[in-house]
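Asker: One file: data-v7.cif (mmCIF, C-alpha atoms).
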data_structure
#
loop_
_atom_site.label_atom_id
_atom_site.label_comp_id
_atom_site.auth_asym_id
_atom_site.auth_seq_id
_atom_site.Cartn_x
_atom_site.Cartn_y
_atom_site.Cartn_z
CA MET A 1 0.00 0.00 0.00
CA MET A 2 1.32 3.42 -0.96
CA LYS A 3 1.82 6.01 1.74
CA TRP A 4 1.22 9.38 0.11
CA PRO A 5 3.53 12.24 1.01
CA ARG A 6 0.46 14.38 1.61
CA HIS A 7 -3.12 14.60 0.47
CA ALA A 8 -5.93 16.60 1.79
CA ALA A 9 -8.54 17.36 -0.79
CA GLN A 10 -7.99 21.02 -1.25
CA ILE A 11 -10.50 23.78 -0.94
CA LEU A 12 -9.40 27.02 -2.49
CA VAL A 13 -8.28 28.97 0.51
CA ALA A 14 -8.85 32.67 0.11
CA LEU A 15 -11.64 34.71 -1.34
CA VAL A 16 -9.23 37.61 -1.69
CA LEU A 17 -7.82 35.85 -4.75
CA LEU A 18 -11.06 36.78 -6.47
CA LEU A 19 -10.20 40.45 -6.16
CA GLY A 20 -7.77 40.29 -9.06
CA PRO A 21 -8.82 40.93 -12.65
CA ARG A 22 -12.51 40.22 -11.99
CA ALA A 23 -12.85 43.13 -9.53
CA THR A 24 -13.56 45.67 -12.26
CA THR A 25 -16.49 43.63 -13.58
CA LEU A 26 -18.18 43.03 -10.24
CA ALA A 27 -21.28 44.95 -9.19
CA ASN A 28 -20.84 47.56 -6.45
CA ASP A 29 -22.48 45.36 -3.80
CA LEU A 30 -20.17 42.51 -4.64
CA ASP A 31 -17.20 44.87 -4.52
CA ASP A 32 -18.35 46.02 -1.09
CA ALA A 33 -18.72 42.41 0.08
CA TYR A 34 -15.19 41.51 -1.05
CA ALA A 35 -13.80 44.68 0.52
CA ALA A 36 -15.43 43.72 3.84
CA TYR A 37 -14.08 40.18 3.52
CA LYS A 38 -10.58 41.43 2.74
CA ARG A 39 -10.48 43.65 5.84
CA GLY A 40 -11.66 40.72 7.99
CA ASP A 41 -15.23 41.95 8.51
CA TYR A 42 -16.71 38.55 7.73
CA ARG A 43 -20.18 39.23 9.19
CA THR A 44 -20.66 42.25 6.95
CA ALA A 45 -19.30 40.32 3.96
CA PHE A 46 -21.78 37.51 4.68
CA HIS A 47 -24.73 39.91 4.88
CA LEU A 48 -23.70 41.53 1.59
CA PHE A 49 -23.09 38.21 -0.20
CA LYS A 50 -26.36 36.60 0.88
CA PRO A 51 -28.91 38.68 -1.09
CA LEU A 52 -26.67 38.57 -4.15
CA ALA A 53 -26.36 34.79 -3.84
CA GLU A 54 -30.12 34.47 -3.47
CA GLN A 55 -30.49 36.48 -6.71
CA GLY A 56 -28.26 33.95 -8.49
CA ASP A 57 -24.88 35.71 -8.59
CA VAL A 58 -22.40 32.85 -9.04
CA TRP A 59 -19.51 34.54 -7.22
CA ALA A 60 -21.70 35.48 -4.26
CA GLN A 61 -22.97 31.88 -4.11
CA TYR A 62 -19.41 30.56 -4.12
CA SER A 63 -18.37 33.09 -1.47
CA LEU A 64 -21.32 32.23 0.76
CA GLY A 65 -20.45 28.54 0.44
CA PHE A 66 -16.87 29.32 1.35
CA GLN A 67 -17.90 31.26 4.46
CA TYR A 68 -20.18 28.42 5.59
CA ALA A 69 -17.42 25.85 4.95
CA THR A 70 -14.81 27.78 6.90
CA GLY A 71 -17.03 29.32 9.57
CA GLN A 72 -15.80 32.83 8.87
CA GLY A 73 -18.23 35.28 10.48
CA ILE A 74 -20.93 32.63 10.86
CA PRO A 75 -21.16 29.19 12.47
CA GLN A 76 -19.54 26.54 10.28
CA ASP A 77 -22.23 24.60 8.44
CA TYR A 78 -21.12 22.12 5.77
CA ALA A 79 -24.70 21.40 4.63
CA GLU A 80 -25.21 25.10 3.86
CA ALA A 81 -21.78 25.22 2.24
CA ALA A 82 -22.77 22.31 -0.02
CA LYS A 83 -26.05 24.03 -0.91
CA TRP A 84 -24.36 27.25 -2.02
CA TYR A 85 -21.42 25.52 -3.71
CA ARG A 86 -23.90 23.39 -5.68
CA LYS A 87 -25.73 26.49 -6.91
CA ALA A 88 -22.46 28.00 -8.16
CA ALA A 89 -21.21 24.62 -9.43
CA ASP A 90 -24.39 24.13 -11.45
CA GLN A 91 -23.59 27.45 -13.14
CA GLY A 92 -20.19 26.03 -14.13
CA LEU A 93 -17.87 27.74 -11.63
CA ALA A 94 -14.79 25.50 -11.37
CA ARG A 95 -13.88 26.66 -7.85
CA ALA A 96 -17.32 25.73 -6.57
CA GLN A 97 -17.22 22.40 -8.41
CA ASN A 98 -13.88 21.57 -6.78
CA ASN A 99 -15.07 22.54 -3.32
CA LEU A 100 -18.29 20.55 -3.70
CA GLY A 101 -16.11 17.59 -4.70
CA VAL A 102 -14.10 18.06 -1.50
CA LEU A 103 -17.28 17.95 0.57
CA TYR A 104 -18.37 14.72 -1.14
CA GLU A 105 -14.93 13.17 -0.74
CA ASN A 106 -14.87 13.96 2.97
CA GLY A 107 -18.57 13.45 3.71
CA GLN A 108 -18.97 17.00 5.00
CA GLY A 109 -22.54 18.30 4.78
CA VAL A 110 -23.37 15.58 2.26
CA PRO A 111 -23.08 11.80 2.43
CA GLN A 112 -19.56 10.67 1.59
CA ASP A 113 -19.70 9.66 -2.06
CA TYR A 114 -16.49 9.20 -4.01
CA ALA A 115 -18.33 8.92 -7.33
CA ASP A 116 -19.94 12.33 -6.79
CA ALA A 117 -16.58 13.73 -5.68
CA VAL A 118 -15.02 12.48 -8.92
CA LYS A 119 -17.91 13.93 -10.95
CA TRP A 120 -17.40 17.42 -9.52
CA TYR A 121 -13.59 17.24 -9.61
CA ARG A 122 -13.76 16.22 -13.26
CA LYS A 123 -16.07 19.11 -14.20
CA ALA A 124 -13.64 21.56 -12.59
CA ALA A 125 -10.49 19.78 -13.84
CA GLU A 126 -11.76 19.88 -17.41
CA GLN A 127 -11.78 23.69 -17.10
CA GLY A 128 -8.01 23.57 -16.50
CA ASP A 129 -7.94 24.34 -12.76
CA ALA A 130 -4.90 22.82 -11.02
CA LEU A 131 -6.49 21.98 -7.63
CA PRO A 132 -9.27 19.77 -8.99
CA GLN A 133 -6.82 18.22 -11.44
CA ASN A 134 -4.66 17.23 -8.47
CA ASN A 135 -7.70 16.04 -6.50
CA LEU A 136 -8.91 13.98 -9.47
CA GLY A 137 -5.45 12.47 -9.85
CA PHE A 138 -5.57 11.38 -6.23
CA MET A 139 -8.96 9.72 -6.75
CA TYR A 140 -7.50 7.71 -9.66
CA ALA A 141 -4.40 6.84 -7.64
CA GLU A 142 -6.47 5.51 -4.76
CA GLY A 143 -9.31 4.05 -6.81
CA HIS A 144 -11.89 6.20 -5.02
CA GLY A 145 -15.02 6.59 -7.16
CA VAL A 146 -13.16 5.32 -10.24
CA PRO A 147 -11.13 2.21 -10.98
CA GLN A 148 -7.57 2.62 -9.74
CA ASP A 149 -5.49 3.81 -12.68
CA TYR A 150 -1.97 5.13 -12.19
CA VAL A 151 -1.69 6.32 -15.78
CA GLN A 152 -4.78 8.53 -15.39
CA ALA A 153 -3.57 9.65 -11.96
CA HIS A 154 -0.18 10.62 -13.35
CA MET A 155 -1.80 12.45 -16.26
CA TRP A 156 -3.94 14.63 -13.94
CA PHE A 157 -1.04 15.22 -11.55
CA ASP A 158 1.12 16.18 -14.52
CA LEU A 159 -1.46 18.72 -15.76
CA ALA A 160 -1.69 20.30 -12.30
CA ALA A 161 2.09 20.18 -11.84
CA ALA A 162 2.57 22.07 -15.11
CA GLN A 163 0.71 24.95 -13.44
CA GLY A 164 3.18 24.93 -10.55
CA LEU A 165 1.04 23.23 -7.88
CA GLN A 166 3.69 21.77 -5.55
CA GLU A 167 1.45 19.03 -4.14
CA ALA A 168 0.76 17.83 -7.69
CA ILE A 169 4.48 17.82 -8.47
CA ASN A 170 5.08 15.71 -5.35
CA ASN A 171 2.17 13.37 -6.18
CA ARG A 172 3.26 12.94 -9.80
CA ASP A 173 6.82 12.11 -8.79
CA PHE A 174 5.63 9.81 -6.02
CA ILE A 175 3.29 7.76 -8.21
CA ALA A 176 5.86 7.54 -11.01
CA ALA A 177 7.97 5.36 -8.70
CA TYR A 178 5.18 2.75 -8.84
CA MET A 179 4.83 2.85 -12.62
CA THR A 180 6.75 1.36 -15.52
CA PRO A 181 8.63 3.80 -17.77
CA ALA A 182 6.18 2.90 -20.56
CA ASP A 183 3.22 3.83 -18.35
CA VAL A 184 4.84 7.15 -17.39
CA THR A 185 5.41 7.89 -21.08
CA LYS A 186 1.77 7.01 -21.84
CA ALA A 187 0.56 9.33 -19.04
CA GLN A 188 2.72 12.17 -20.34
CA GLN A 189 1.36 11.63 -23.85
CA LEU A 190 -2.22 11.74 -22.52
CA ALA A 191 -1.44 15.01 -20.75
CA ARG A 192 -0.05 16.51 -23.96
CA GLU A 193 -3.13 15.37 -25.88
CA TRP A 194 -5.41 16.85 -23.22
CA LEU A 195 -3.58 20.18 -23.42
CA ALA A 196 -3.80 20.19 -27.21
CA LYS A 197 -7.60 19.80 -27.00
CA HIS A 198 -8.07 22.36 -24.25
#
What is this structure when it is put down as structure tokens?

Answerer:
Amino acid sequence: MMKWPRHAAQILVALVLLLGPRATTLANDLDDAYAAYKRGDYRTAFHLFKPLAEQGDVWAQYSLGFQYATGQGIPQDYAEAAKWYRKAADQGLARAQNNLGVLYENGQGVPQDYADAVKWYRKAAEQGDALPQNNLGFMYAEGHGVPQDYVQAHMWFDLAAAQGLQEAINNRDFIAAYMTPADVTKAQQLAREWLAKH
């Protein structure tokens, strides 16, 4: 049995990352919510995000899910986090899809279901996001929700590693030690083909 150097299905950690290039396109209320979040006024951020999320704003839904998942400014509630992540995930937001996958993988707020975790990781990974690519690679490596497949695992780790995600680099190198050179070559070829299509 392999002992992984480290794996914790990763939730994207900071909403402040959303303040980058998207900030100019956000509505004033959403700007105000992110400003409150950034200065650590999580209660105000929550109260500003909530009506926007209820109106269907995907970023407000994601942010509300994140606050429920982390308990920032409100009591932690994984079931509510799953509800809001699902709303944003259904609109195609990769970050929400990844985080919903994490909840399914860990059985937080939803029944533990590896197949559902894989489904959401795959939706996000197909959009080119490194965290869900790494998480999906881990599911293939362990055979959680999918048949165990080191070639597929290596391919997803390789895609995430190419974006500089250190955990993916570690995972790719770790799993390669359990693979034949031909299988590593096949995984690398699959990664190149995936990149060419996306």

Asker: Tell me, as an MDAnalysis selection string, which residues lie within 8 Å of Gln108 (chain A), counting all atoms listed in the file; anything in the same chain fewer than 4 positions away does not count.

Answerer: chainID A and resid 78:79 103:104 112

Asker: Any chance you can output those residues with C-alpha atoms as an mmCIF file, in the frame of the given file?

Answerer:
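Okay, out.cif is ready:
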data_model
loop_
_atom_site.group_PDB
_atom_site.id
_atom_site.type_symbol
_atom_site.label_atom_id
_atom_site.label_comp_id
_atom_site.auth_asym_id
_atom_site.auth_seq_id
_atom_site.Cartn_x
_atom_site.Cartn_y
_atom_site.Cartn_z
ATOM 1 C CA TYR A 78 -21.120 22.120 5.770
ATOM 2 C CA ALA A 79 -24.700 21.400 4.630
ATOM 3 C CA LEU A 103 -17.280 17.950 0.570
ATOM 4 C CA TYR A 104 -18.370 14.720 -1.140
ATOM 5 C CA GLN A 112 -19.560 10.670 1.590
#

Asker: Rounded to one decimal, what separation in Å do you get between CA of Gly143 (chain A) and CA of Tyr114 (chain A)?

Answerer: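 So the answer is 9.3 Å.
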
Asker: Which residues of region 66-163 of chain A have any atom within 10 Å of an atom in region 27-40 of chain A when counting all atoms listed in the file, and what is the closest pair of atoms for each, with the distance in Å to one decimal? Order the rows by chain and rising number and write it as a Markdown table.

Answerer:
| residue | atom | partner | partner_atom | distance |
| --- | --- | --- | --- | --- |
| A:Gln67 | CA | A:Tyr37 | CA | 9.7 |
| A:Gln72 | CA | A:Gly40 | CA | 9.0 |
| A:Gly73 | CA | A:Gly40 | CA | 8.9 |

Asker: When the PyMOL selection byres ((chain A and resi 178) around 12) is applied to the file above, which residues end up in the set, as a list in words?

Answerer: Met1, Met2, Lys3, Trp4, Ala141, Asp149, Tyr150, Val151, Ala153, His154, Asn171, Arg172, Asp173, Phe174, Ile175, Ala176, Ala177, Met179, Thr180, Pro181, Ala182, Asp183 and Val184 of chain A

Asker: Rounded to one decimal in Å, what is the spacing between CA of Ala82 (chain A) and CA of Gly145 (chain A)?

Answerer: 18.9 Å

Asker: Could you list the residues chosen by the PyMOL selection byres ((chain A and resi 98) around 8) in this structure as a list of chain:residue names?

Answerer: A:Ile11, A:Ala94, A:Arg95, A:Ala96, A:Gln97, A:Asn99, A:Leu100, A:Gly101, A:Val102, A:Trp120, A:Tyr121, A:Ala124, A:Leu131, A:Pro132

Asker: What does the distance from CA of Trp156 (chain A) to CA of Asn134 (chain A) come to in Å, to one decimal?

Answerer: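 According to the coordinates, CA of Trp156 (chain A) and CA of Asn134 (chain A) are separated by 6.1 Å.
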
Asker: For region 160-167 of chain A, take all atoms listed in the file, fit an axis-aligned box around them, add 8 Å to each of the six sides, then output centre and edge lengths in Å rounded to one decimal, as JSON.

Answerer:
{"center_x": 1.0, "center_y": 22.0, "center_z": -9.6, "size_x": 21.4, "size_y": 21.9, "size_z": 27.0}

Asker: Let me make sure I understand: among A:Val118, A:Leu52, A:Val110, A:Ala125, which one has the smallest atom-to-atom distance to Pro147 (chain A) if we use only C-alpha atoms?

Answerer: A:Val118

Asker: Calculated over only C-alpha atoms, which of the candidates A:Ala81, A:Tyr68, A:Ile74, A:Val58 has the smallest distance to Leu93 (chain A)?

Answerer: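 Under the stated criterion, the closest residue is A:Val58.
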
Asker: Measuring atom to atom with only C-alpha atoms, identify which of A:Leu136, A:Ala89, A:Leu48, A:Val146 is nearest to Ala115 (chain A).

Answerer: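 Under the stated criterion, the closest residue is A:Val146.
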
Asker: Using the chain letters and numbers from this file, what does the PyMOL selection byres ((chain A and resi 198) around 12) select? Give the answer as a list in words.

Answerer: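 Those residues are Ala125, Glu126, Gln127, Gly128, Asp129, Leu159, Ala191, Arg192, Glu193, Trp194, Leu195, Ala196 and Lys197 of chain A.
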
Asker: Residues at most 8 Å from Gln61 (chain A), counting only C-alpha atoms, excluding those fewer than 5 positions away in the same chain, as a list of chain:residue names?

Answerer: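 Within the cut-off, the hits are A:Phe49, A:Lys50, A:Leu52, A:Ala53, A:Glu54, A:Gly56, A:Trp84, A:Tyr85, A:Lys87, A:Ala88.
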